[in-house]
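> Just one file: coords07.txt, with compact mmCIF, C-alpha atoms.
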```txt
# COMPACT_ATOMS: atom_id res chain seq x y z
CA MET A 1 19.91 -32.58 15.60
CA THR A 2 21.56 -35.91 16.38
CA ALA A 3 20.65 -38.45 19.01
CA SER A 4 23.00 -40.97 20.50
CA SER A 5 21.74 -43.85 22.50
CA LYS A 6 23.36 -44.98 25.77
CA PRO A 7 21.43 -47.90 27.20
CA SER A 8 21.65 -47.67 30.95
CA ASN A 9 18.84 -49.98 31.87
CA LEU A 10 17.71 -52.93 29.80
CA ALA A 11 14.43 -53.20 31.66
CA GLY A 12 13.15 -49.98 30.01
CA PRO A 13 11.54 -46.87 31.38
CA MET A 14 8.94 -48.77 33.42
CA SER A 15 11.52 -50.30 35.76
CA GLY A 16 11.49 -47.27 38.06
CA SER A 17 14.97 -46.04 37.14
CA SER A 18 15.10 -42.25 36.87
CA ALA A 19 18.22 -42.13 34.68
CA ASP A 20 17.67 -41.21 31.03
CA ASP A 21 18.77 -43.83 28.56
CA PHE A 22 19.48 -41.29 25.80
CA THR A 23 21.04 -37.89 25.18
CA VAL A 24 20.08 -35.26 22.64
CA LYS A 25 22.81 -33.25 21.00
CA THR A 26 22.15 -30.12 19.00
CA GLN A 27 24.51 -28.49 16.55
CA ALA A 28 25.23 -25.79 19.12
CA SER A 29 26.22 -28.35 21.77
CA GLU A 30 28.44 -30.23 19.33
CA ALA A 31 30.18 -27.03 18.26
CA LEU A 32 30.72 -25.92 21.86
CA THR A 33 32.04 -29.25 23.13
CA LYS A 34 34.21 -30.16 20.15
CA GLY A 35 37.79 -30.86 21.27
CA LEU A 36 37.14 -30.14 24.97
CA ASN A 37 38.03 -32.17 28.01
CA THR A 38 35.24 -34.57 29.05
CA SER A 39 34.56 -32.82 32.37
CA VAL A 40 34.40 -29.39 30.72
CA ALA A 41 32.15 -30.75 27.97
CA ALA A 42 29.88 -32.31 30.61
CA PHE A 43 29.67 -28.98 32.43
CA ILE A 44 28.75 -27.18 29.20
CA LEU A 45 26.16 -29.80 28.30
CA ALA A 46 24.64 -29.52 31.76
CA ASN A 47 24.10 -25.79 31.15
CA MET A 48 22.82 -26.17 27.56
CA PRO A 49 19.12 -25.65 28.41
CA GLN A 50 19.92 -22.17 29.73
CA MET A 51 22.08 -21.47 26.68
CA ASP A 52 19.31 -22.63 24.32
CA GLN A 53 16.90 -20.33 26.14
CA VAL A 54 19.28 -17.37 25.71
CA ASN A 55 19.71 -18.19 22.02
CA MET A 56 15.94 -18.35 21.55
CA GLN A 57 15.53 -15.01 23.32
CA GLU A 58 18.19 -13.45 21.08
CA MET A 59 16.52 -14.89 17.99
CA SER A 60 13.13 -13.63 19.14
CA GLY A 61 14.56 -10.16 19.77
CA THR A 62 16.21 -10.12 16.35
CA LEU A 63 12.95 -11.13 14.65
CA ASN A 64 11.03 -8.48 16.60
CA ARG A 65 13.53 -5.79 15.57
CA ALA A 66 13.35 -6.93 11.94
CA GLY A 67 9.55 -6.80 12.08
CA GLN A 68 9.62 -3.29 13.55
CA THR A 69 12.04 -2.16 10.85
CA MET A 70 9.81 -3.56 8.10
CA THR A 71 6.75 -1.91 9.68
CA ALA A 72 8.53 1.45 9.81
CA LEU A 73 9.69 1.05 6.20
CA LEU A 74 6.19 0.23 4.96
CA ALA A 75 4.74 3.13 6.97
CA ALA A 76 7.26 5.50 5.38
CA ILE A 77 6.39 4.23 1.89
CA ALA A 78 2.66 4.60 2.63
CA THR A 79 3.18 8.13 3.96
CA ILE A 80 5.10 9.18 0.85
CA SER A 81 2.41 7.62 -1.36
CA LEU A 82 -0.34 9.48 0.52
CA ILE A 83 1.48 12.80 0.21
CA VAL A 84 2.04 12.31 -3.52
CA GLY A 85 -1.58 11.25 -4.00
CA GLY A 86 -2.80 14.20 -1.93
CA ILE A 87 -0.76 16.65 -3.99
CA GLY A 88 -2.27 15.08 -7.12
CA ILE A 89 -5.79 15.55 -5.71
CA MET A 90 -5.04 19.18 -4.85
CA ASN A 91 -3.68 19.92 -8.32
CA ILE A 92 -6.66 18.27 -10.03
CA MET A 93 -9.05 20.26 -7.85
CA LEU A 94 -7.21 23.55 -8.50
CA VAL A 95 -7.48 22.93 -12.25
CA SER A 96 -11.15 22.07 -11.80
CA VAL A 97 -11.78 25.32 -9.90
CA THR A 98 -10.05 27.31 -12.65
CA GLU A 99 -11.99 25.62 -15.44
CA ARG A 100 -15.32 25.98 -13.64
CA THR A 101 -14.97 29.56 -12.49
CA ARG A 102 -17.99 30.73 -14.54
CA GLU A 103 -20.05 27.83 -13.13
CA ILE A 104 -19.11 28.92 -9.62
CA GLY A 105 -20.07 32.51 -10.46
CA ILE A 106 -23.47 31.41 -11.80
CA ARG A 107 -24.13 29.27 -8.74
CA ARG A 108 -23.24 32.13 -6.41
CA ALA A 109 -25.30 34.61 -8.50
CA VAL A 110 -28.47 32.50 -8.19
CA GLY A 111 -28.19 32.31 -4.41
CA GLY A 112 -25.56 29.70 -3.64
CA ARG A 113 -23.67 30.37 -0.42
CA GLN A 114 -19.92 30.10 0.11
CA TYR A 115 -20.58 27.03 2.27
CA ASP A 116 -22.45 25.31 -0.61
CA VAL A 117 -19.56 25.85 -3.03
CA LEU A 118 -17.06 24.75 -0.38
CA MET A 119 -18.96 21.53 0.28
CA GLN A 120 -19.39 20.82 -3.45
CA PHE A 121 -15.66 20.92 -4.15
CA LEU A 122 -14.79 19.21 -0.89
CA ALA A 123 -17.16 16.36 -1.78
CA GLU A 124 -15.45 16.05 -5.16
CA ALA A 125 -12.02 15.90 -3.50
CA VAL A 126 -13.21 13.25 -1.03
CA THR A 127 -14.70 11.27 -3.92
CA LEU A 128 -11.32 11.31 -5.65
CA GLY A 129 -9.59 10.16 -2.46
CA VAL A 130 -12.12 7.40 -1.78
CA ALA A 131 -11.94 6.20 -5.40
CA GLY A 132 -8.16 5.97 -5.11
CA GLY A 133 -8.52 4.15 -1.78
CA ALA A 134 -11.01 1.67 -3.26
CA PHE A 135 -8.66 1.03 -6.19
CA GLY A 136 -5.80 0.45 -3.74
CA ILE A 137 -7.88 -1.97 -1.67
CA VAL A 138 -8.80 -4.01 -4.75
CA LEU A 139 -5.16 -3.99 -5.84
CA GLY A 140 -4.11 -5.13 -2.35
CA TYR A 141 -6.57 -8.04 -2.40
CA LEU A 142 -5.36 -9.09 -5.85
CA ALA A 143 -1.71 -8.89 -4.74
CA SER A 144 -2.50 -10.92 -1.62
CA PHE A 145 -4.25 -13.57 -3.71
CA ALA A 146 -1.37 -13.68 -6.21
CA ILE A 147 1.23 -14.05 -3.45
CA THR A 148 -0.76 -16.86 -1.86
CA GLN A 149 -1.17 -18.70 -5.17
CA LEU A 150 2.27 -18.16 -6.70
CA LEU A 151 4.60 -18.22 -3.69
CA GLN A 152 2.52 -20.43 -1.39
CA TRP A 153 2.71 -17.84 1.41
CA ASP A 154 -0.33 -17.36 3.58
CA ALA A 155 -1.07 -13.68 2.84
CA THR A 156 -4.27 -12.40 4.44
CA VAL A 157 -5.83 -8.96 4.53
CA SER A 158 -7.55 -7.92 7.74
CA LEU A 159 -10.81 -5.98 7.66
CA GLY A 160 -9.41 -3.52 10.19
CA ALA A 161 -6.56 -2.62 7.83
CA VAL A 162 -9.01 -2.20 4.96
CA ALA A 163 -11.25 0.10 7.02
CA LEU A 164 -8.25 2.10 8.24
CA SER A 165 -6.86 2.55 4.72
CA PHE A 166 -10.28 3.58 3.42
CA GLY A 167 -10.63 6.16 6.20
CA ILE A 168 -7.13 7.51 5.58
CA ALA A 169 -7.89 7.85 1.85
CA ALA A 170 -11.03 9.86 2.67
CA ALA A 171 -9.10 12.01 5.18
CA THR A 172 -6.43 12.66 2.53
CA GLY A 173 -9.14 13.89 0.18
CA VAL A 174 -10.49 16.23 2.85
CA PHE A 175 -7.06 17.54 3.86
CA PHE A 176 -5.69 18.17 0.38
CA GLY A 177 -9.03 19.19 -1.12
CA PHE A 178 -9.81 21.84 1.47
CA TYR A 179 -7.57 24.57 -0.02
CA PRO A 180 -9.02 24.35 -3.57
CA ALA A 181 -12.56 24.14 -2.17
CA ARG A 182 -11.97 27.19 0.03
CA ARG A 183 -10.46 29.05 -2.91
CA ALA A 184 -13.55 28.26 -4.99
CA SER A 185 -15.89 29.41 -2.22
CA LYS A 186 -14.05 32.73 -1.81
CA LEU A 187 -14.41 33.71 -5.49
CA ASN A 188 -16.26 36.97 -6.07
CA PRO A 189 -19.41 36.10 -8.09
CA ILE A 190 -19.06 39.12 -10.40
CA ASP A 191 -15.40 38.40 -11.18
CA ALA A 192 -16.22 34.71 -11.65
CA LEU A 193 -18.98 35.54 -14.17
CA ARG A 194 -16.56 37.70 -16.17
CA PHE A 195 -13.89 34.99 -16.26
CA GLU A 196 -13.13 33.69 -19.73
```
Render the structure in this file as structure tokens.


Amino acid sequence: MTASSKPSNLAGPMSGSSADDFTVKTQASEALTKGLNTSVAAFILANMPQMDQVNMQEMSGTLNRAGQTMTALLAAIATISLIVGGIGIMNIMLVSVTERTREIGIRRAVGGRQYDVLMQFLAEAVTLGVAGGAFGIVLGYLASFAITQLLQWDATVSLGAVALSFGIAAATGVFFGFYPARRASKLNPIDALRFE
């Protein structure tokens, strides 16, 4: 930004004159008026406030679109991570059900209901999901701290985002752990006791 001074009144601003004794030129105004006739340049400069407003609106729109794109990209990455993590929880729980088939048979033989077995394995799946969520939250706080210290960017973590991520991790455990838990609860006690 450059300023050029055109003294129009030596008495100063207190003399009652309403004419400005200076002009402010921006890079945009200099580029637009370069090589133009004086009257055309004056007309363009007279309309510069509206042009600056349009440029600011365009810049604001561009930044908003970039922010929405980044939000969508991060949401897609988070969704893929949750699906991969959920599949991992389901596989771990299916292996656990297979390895503990005799335990399930004994529990059912001594009076355990299907609901009890279902809730036991569902609680284990939710525990896995919540443990992964807690690990992710700690990792997020450490990354935020590192970014703030190393890059001098003000990176903050909101409590709402932490609560939401924790809830989603628990919901992932419930969603992906339900099938193995249901499979464990549907085992026939006699067949489970015979399992080697």

> Which residue is closest to Val157 of chain A? Choose from A:Thr172, A:Leu139, A:Ile80, A:Gly88 and count all atoms listed in the file.

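Going through A:Thr172, A:Leu139, A:Ile80, A:Gly88 one by one, the smallest distance to Val157 of chain A is for A:Leu139.
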
> Find the residues near Glu124 of chain A: any atom within 9 Å, counting all atoms listed in the file, skip ones fewer than 6 places away on the same chain, and give them as a short mmCIF file (atom, residue, chain, number, x, y, z; two decimals) with C-alpha atoms, in the coordinates of the input.


```cif
data_model
loop_
_atom_site.label_atom_id
_atom_site.label_comp_id
_atom_site.auth_asym_id
_atom_site.auth_seq_id
_atom_site.Cartn_x
_atom_site.Cartn_y
_atom_site.Cartn_z
CA MET A 93 -9.05 20.26 -7.85
CA GLY A 173 -9.14 13.89 0.18
CA GLY A 177 -9.03 19.19 -1.12
#
```

> For Phe175 of chain A, which of A:Ala155, A:Gly85, A:Thr69, A:Ser60 is the closest residue, counting all atoms listed in the file?

A:Gly85

> Can you tell me how far atom CA of Thr156 of chain A sits from atom CA of Leu74 of chain A, in Å to one decimal?

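Distance between the two atoms: 16.4 Å.
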
> Atom CA of Gln114 of chain A and atom CA of Leu82 of chain A, how far apart in Å?

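One can read the atom CA of Leu82 of chain A to atom CA of Gln114 of chain A distance as 28.4 Å.
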
> So what do you get for atom CA of Trp153 of chain A versus atom CA of Gly61 of chain A, distance-wise?

23.2 Å

> Identify, on the basis of all atoms listed in the file, every residue whose closest approach to Tyr115 of chain A does not exceed 10 Å; exclude the query and any residue fewer than 6 positions from it along the same chain; express the result as an NGL selection string.

:A and (181-182 or 185-186)

> So, with only C-alpha atoms as the atoms that count, which of A:Leu63, A:Ala169, A:Val97, A:Leu193 lies closest to Leu118 of chain A?

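Answer, going by the shortest atom-to-atom distance: A:Val97.
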
> Hey, what's within 6 Å of Gly105 of chain A if we count only C-alpha atoms and toss same-chain stuff fewer than 3 positions away? As a PyMOL selection string, please?

chain A and resi 102+108-109+189+192-193

> What would the file look like if the residues just selected were written as a short mmCIF file (atom, residue, chain, number, x, y, z; two decimals), in the coordinates of the input with C-alpha atoms?


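Result file follows (out_38.cif):
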```cif
data_model
loop_
_atom_site.label_atom_id
_atom_site.label_comp_id
_atom_site.auth_asym_id
_atom_site.auth_seq_id
_atom_site.Cartn_x
_atom_site.Cartn_y
_atom_site.Cartn_z
CA ARG A 102 -17.99 30.73 -14.54
CA ARG A 108 -23.24 32.13 -6.41
CA ALA A 109 -25.30 34.61 -8.50
CA PRO A 189 -19.41 36.10 -8.09
CA ALA A 192 -16.22 34.71 -11.65
CA LEU A 193 -18.98 35.54 -14.17
#
```

> Give me the residues near Thr127 of chain A as a PDB file with C-alpha atoms, keeping the file's coordinate frame, where near means some atom within 12 Å (using all atoms listed in the file) and where sequence neighbours in that chain fewer than 5 positions away do not count.


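Full text of result.pdb as output:
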```pdb
ATOM      1  CA  ILE A  89      -5.790  15.550  -5.710  1.00  0.00           C
ATOM      2  CA  MET A  93      -9.050  20.260  -7.850  1.00  0.00           C
ATOM      3  CA  MET A 119     -18.960  21.530   0.280  1.00  0.00           C
ATOM      4  CA  GLN A 120     -19.390  20.820  -3.450  1.00  0.00           C
ATOM      5  CA  PHE A 121     -15.660  20.920  -4.150  1.00  0.00           C
ATOM      6  CA  LEU A 122     -14.790  19.210  -0.890  1.00  0.00           C
ATOM      7  CA  GLY A 132      -8.160   5.970  -5.110  1.00  0.00           C
ATOM      8  CA  GLY A 133      -8.520   4.150  -1.780  1.00  0.00           C
ATOM      9  CA  ALA A 134     -11.010   1.670  -3.260  1.00  0.00           C
ATOM     10  CA  PHE A 166     -10.280   3.580   3.420  1.00  0.00           C
ATOM     11  CA  ALA A 169      -7.890   7.850   1.850  1.00  0.00           C
ATOM     12  CA  ALA A 170     -11.030   9.860   2.670  1.00  0.00           C
ATOM     13  CA  ALA A 171      -9.100  12.010   5.180  1.00  0.00           C
ATOM     14  CA  THR A 172      -6.430  12.660   2.530  1.00  0.00           C
ATOM     15  CA  GLY A 173      -9.140  13.890   0.180  1.00  0.00           C
ATOM     16  CA  VAL A 174     -10.490  16.230   2.850  1.00  0.00           C
ATOM     17  CA  GLY A 177      -9.030  19.190  -1.120  1.00  0.00           C
TER      18      GLY A 177
END
```

> From the list A:Ala75, A:Leu187, A:Met70, A:Ala143, which residue is nearest Ser165 of chain A when using only C-alpha atoms?

A:Ala75

> I need segment 178-190 of chain A from the structure I supplied, saved as a PDB file, in the first residue's frame with all heavy atoms retained.


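Produced file selection_17.pdb, reproduced below:
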```pdb
ATOM      1  N   PHE A 178     -21.376 -55.941  17.917  1.00  0.00           N
ATOM      2  CA  PHE A 178     -22.666 -56.596  18.129  1.00  0.00           C
ATOM      3  C   PHE A 178     -22.723 -57.975  17.466  1.00  0.00           C
ATOM      4  O   PHE A 178     -23.213 -58.929  18.067  1.00  0.00           O
ATOM      5  CB  PHE A 178     -23.810 -55.721  17.599  1.00  0.00           C
ATOM      6  CG  PHE A 178     -25.161 -56.296  17.875  1.00  0.00           C
ATOM      7  CD1 PHE A 178     -25.706 -56.222  19.140  1.00  0.00           C
ATOM      8  CD2 PHE A 178     -25.880 -56.936  16.875  1.00  0.00           C
ATOM      9  CE1 PHE A 178     -26.950 -56.763  19.413  1.00  0.00           C
ATOM     10  CE2 PHE A 178     -27.115 -57.486  17.134  1.00  0.00           C
ATOM     11  CZ  PHE A 178     -27.665 -57.397  18.402  1.00  0.00           C
ATOM     12  N   TYR A 179     -22.222 -58.092  16.232  1.00  0.00           N
ATOM     13  CA  TYR A 179     -22.279 -59.394  15.545  1.00  0.00           C
ATOM     14  C   TYR A 179     -21.504 -60.480  16.298  1.00  0.00           C
ATOM     15  O   TYR A 179     -22.054 -61.569  16.539  1.00  0.00           O
ATOM     16  CB  TYR A 179     -21.782 -59.257  14.100  1.00  0.00           C
ATOM     17  CG  TYR A 179     -21.642 -60.573  13.399  1.00  0.00           C
ATOM     18  CD1 TYR A 179     -22.769 -61.302  13.026  1.00  0.00           C
ATOM     19  CD2 TYR A 179     -20.388 -61.116  13.137  1.00  0.00           C
ATOM     20  CE1 TYR A 179     -22.643 -62.535  12.398  1.00  0.00           C
ATOM     21  CE2 TYR A 179     -20.256 -62.338  12.508  1.00  0.00           C
ATOM     22  CZ  TYR A 179     -21.382 -63.042  12.143  1.00  0.00           C
ATOM     23  OH  TYR A 179     -21.259 -64.260  11.530  1.00  0.00           O
ATOM     24  N   PRO A 180     -20.237 -60.250  16.691  1.00  0.00           N
ATOM     25  CA  PRO A 180     -19.553 -61.304  17.463  1.00  0.00           C
ATOM     26  C   PRO A 180     -20.241 -61.608  18.795  1.00  0.00           C
ATOM     27  O   PRO A 180     -20.306 -62.779  19.208  1.00  0.00           O
ATOM     28  CB  PRO A 180     -18.155 -60.722  17.699  1.00  0.00           C
ATOM     29  CG  PRO A 180     -17.975 -59.701  16.645  1.00  0.00           C
ATOM     30  CD  PRO A 180     -19.327 -59.141  16.387  1.00  0.00           C
ATOM     31  N   ALA A 181     -20.775 -60.576  19.465  1.00  0.00           N
ATOM     32  CA  ALA A 181     -21.445 -60.814  20.743  1.00  0.00           C
ATOM     33  C   ALA A 181     -22.719 -61.630  20.532  1.00  0.00           C
ATOM     34  O   ALA A 181     -23.019 -62.547  21.317  1.00  0.00           O
ATOM     35  CB  ALA A 181     -21.778 -59.474  21.400  1.00  0.00           C
ATOM     36  N   ARG A 182     -23.445 -61.333  19.481  1.00  0.00           N
ATOM     37  CA  ARG A 182     -24.674 -62.087  19.187  1.00  0.00           C
ATOM     38  C   ARG A 182     -24.328 -63.531  18.823  1.00  0.00           C
ATOM     39  O   ARG A 182     -25.029 -64.463  19.211  1.00  0.00           O
ATOM     40  CB  ARG A 182     -25.433 -61.416  18.050  1.00  0.00           C
ATOM     41  CG  ARG A 182     -26.789 -62.007  17.778  1.00  0.00           C
ATOM     42  CD  ARG A 182     -27.577 -61.128  16.815  1.00  0.00           C
ATOM     43  NE  ARG A 182     -28.891 -61.668  16.602  1.00  0.00           N
ATOM     44  CZ  ARG A 182     -29.194 -62.596  15.706  1.00  0.00           C
ATOM     45  NH1 ARG A 182     -28.236 -63.084  14.933  1.00  0.00           N
ATOM     46  NH2 ARG A 182     -30.417 -63.041  15.567  1.00  0.00           N
ATOM     47  N   ARG A 183     -23.249 -63.690  18.072  1.00  0.00           N
ATOM     48  CA  ARG A 183     -22.812 -65.040  17.694  1.00  0.00           C
ATOM     49  C   ARG A 183     -22.444 -65.840  18.940  1.00  0.00           C
ATOM     50  O   ARG A 183     -22.766 -67.035  19.040  1.00  0.00           O
ATOM     51  CB  ARG A 183     -21.621 -64.923  16.753  1.00  0.00           C
ATOM     52  CG  ARG A 183     -21.141 -66.229  16.214  1.00  0.00           C
ATOM     53  CD  ARG A 183     -20.094 -66.011  15.156  1.00  0.00           C
ATOM     54  NE  ARG A 183     -19.505 -67.271  14.776  1.00  0.00           N
ATOM     55  CZ  ARG A 183     -18.553 -67.402  13.888  1.00  0.00           C
ATOM     56  NH1 ARG A 183     -18.080 -66.347  13.281  1.00  0.00           N
ATOM     57  NH2 ARG A 183     -18.054 -68.574  13.595  1.00  0.00           N
ATOM     58  N   ALA A 184     -21.772 -65.189  19.890  1.00  0.00           N
ATOM     59  CA  ALA A 184     -21.410 -65.884  21.132  1.00  0.00           C
ATOM     60  C   ALA A 184     -22.649 -66.250  21.934  1.00  0.00           C
ATOM     61  O   ALA A 184     -22.729 -67.342  22.520  1.00  0.00           O
ATOM     62  CB  ALA A 184     -20.483 -64.998  21.960  1.00  0.00           C
ATOM     63  N   SER A 185     -23.636 -65.358  21.952  1.00  0.00           N
ATOM     64  CA  SER A 185     -24.834 -65.630  22.755  1.00  0.00           C
ATOM     65  C   SER A 185     -25.704 -66.722  22.149  1.00  0.00           C
ATOM     66  O   SER A 185     -26.484 -67.359  22.847  1.00  0.00           O
ATOM     67  CB  SER A 185     -25.655 -64.347  22.927  1.00  0.00           C
ATOM     68  OG  SER A 185     -26.230 -63.957  21.691  1.00  0.00           O
ATOM     69  N   LYS A 186     -25.592 -66.948  20.847  1.00  0.00           N
ATOM     70  CA  LYS A 186     -26.418 -67.951  20.172  1.00  0.00           C
ATOM     71  C   LYS A 186     -25.800 -69.347  20.186  1.00  0.00           C
ATOM     72  O   LYS A 186     -26.398 -70.290  19.669  1.00  0.00           O
ATOM     73  CB  LYS A 186     -26.652 -67.532  18.710  1.00  0.00           C
ATOM     74  CG  LYS A 186     -27.479 -66.285  18.544  1.00  0.00           C
ATOM     75  CD  LYS A 186     -28.911 -66.526  18.912  1.00  0.00           C
ATOM     76  CE  LYS A 186     -29.763 -65.295  18.629  1.00  0.00           C
ATOM     77  NZ  LYS A 186     -31.147 -65.483  19.058  1.00  0.00           N
ATOM     78  N   LEU A 187     -24.590 -69.473  20.754  1.00  0.00           N
ATOM     79  CA  LEU A 187     -23.948 -70.797  20.785  1.00  0.00           C
ATOM     80  C   LEU A 187     -24.766 -71.760  21.636  1.00  0.00           C
ATOM     81  O   LEU A 187     -25.261 -71.415  22.712  1.00  0.00           O
ATOM     82  CB  LEU A 187     -22.531 -70.691  21.340  1.00  0.00           C
ATOM     83  CG  LEU A 187     -21.475 -70.075  20.437  1.00  0.00           C
ATOM     84  CD1 LEU A 187     -20.160 -69.914  21.195  1.00  0.00           C
ATOM     85  CD2 LEU A 187     -21.259 -70.909  19.193  1.00  0.00           C
ATOM     86  N   ASN A 188     -24.870 -72.989  21.142  1.00  0.00           N
ATOM     87  CA  ASN A 188     -25.540 -74.048  21.899  1.00  0.00           C
ATOM     88  C   ASN A 188     -24.599 -74.481  23.029  1.00  0.00           C
ATOM     89  O   ASN A 188     -23.442 -74.817  22.772  1.00  0.00           O
ATOM     90  CB  ASN A 188     -25.845 -75.217  20.959  1.00  0.00           C
ATOM     91  CG  ASN A 188     -26.685 -76.285  21.626  1.00  0.00           C
ATOM     92  OD1 ASN A 188     -26.873 -76.286  22.838  1.00  0.00           O
ATOM     93  ND2 ASN A 188     -27.174 -77.211  20.819  1.00  0.00           N
ATOM     94  N   PRO A 189     -25.048 -74.462  24.282  1.00  0.00           N
ATOM     95  CA  PRO A 189     -24.152 -74.807  25.407  1.00  0.00           C
ATOM     96  C   PRO A 189     -23.503 -76.180  25.277  1.00  0.00           C
ATOM     97  O   PRO A 189     -22.329 -76.344  25.597  1.00  0.00           O
ATOM     98  CB  PRO A 189     -25.072 -74.759  26.634  1.00  0.00           C
ATOM     99  CG  PRO A 189     -26.217 -73.915  26.228  1.00  0.00           C
ATOM    100  CD  PRO A 189     -26.375 -74.077  24.753  1.00  0.00           C
ATOM    101  N   ILE A 190     -24.235 -77.173  24.784  1.00  0.00           N
ATOM    102  CA  ILE A 190     -23.678 -78.529  24.680  1.00  0.00           C
ATOM    103  C   ILE A 190     -22.567 -78.565  23.626  1.00  0.00           C
ATOM    104  O   ILE A 190     -21.482 -79.102  23.866  1.00  0.00           O
ATOM    105  CB  ILE A 190     -24.789 -79.537  24.327  1.00  0.00           C
ATOM    106  CG1 ILE A 190     -25.802 -79.574  25.476  1.00  0.00           C
ATOM    107  CG2 ILE A 190     -24.225 -80.923  24.078  1.00  0.00           C
ATOM    108  CD1 ILE A 190     -27.044 -80.353  25.170  1.00  0.00           C
TER     109      ILE A 190
END
```
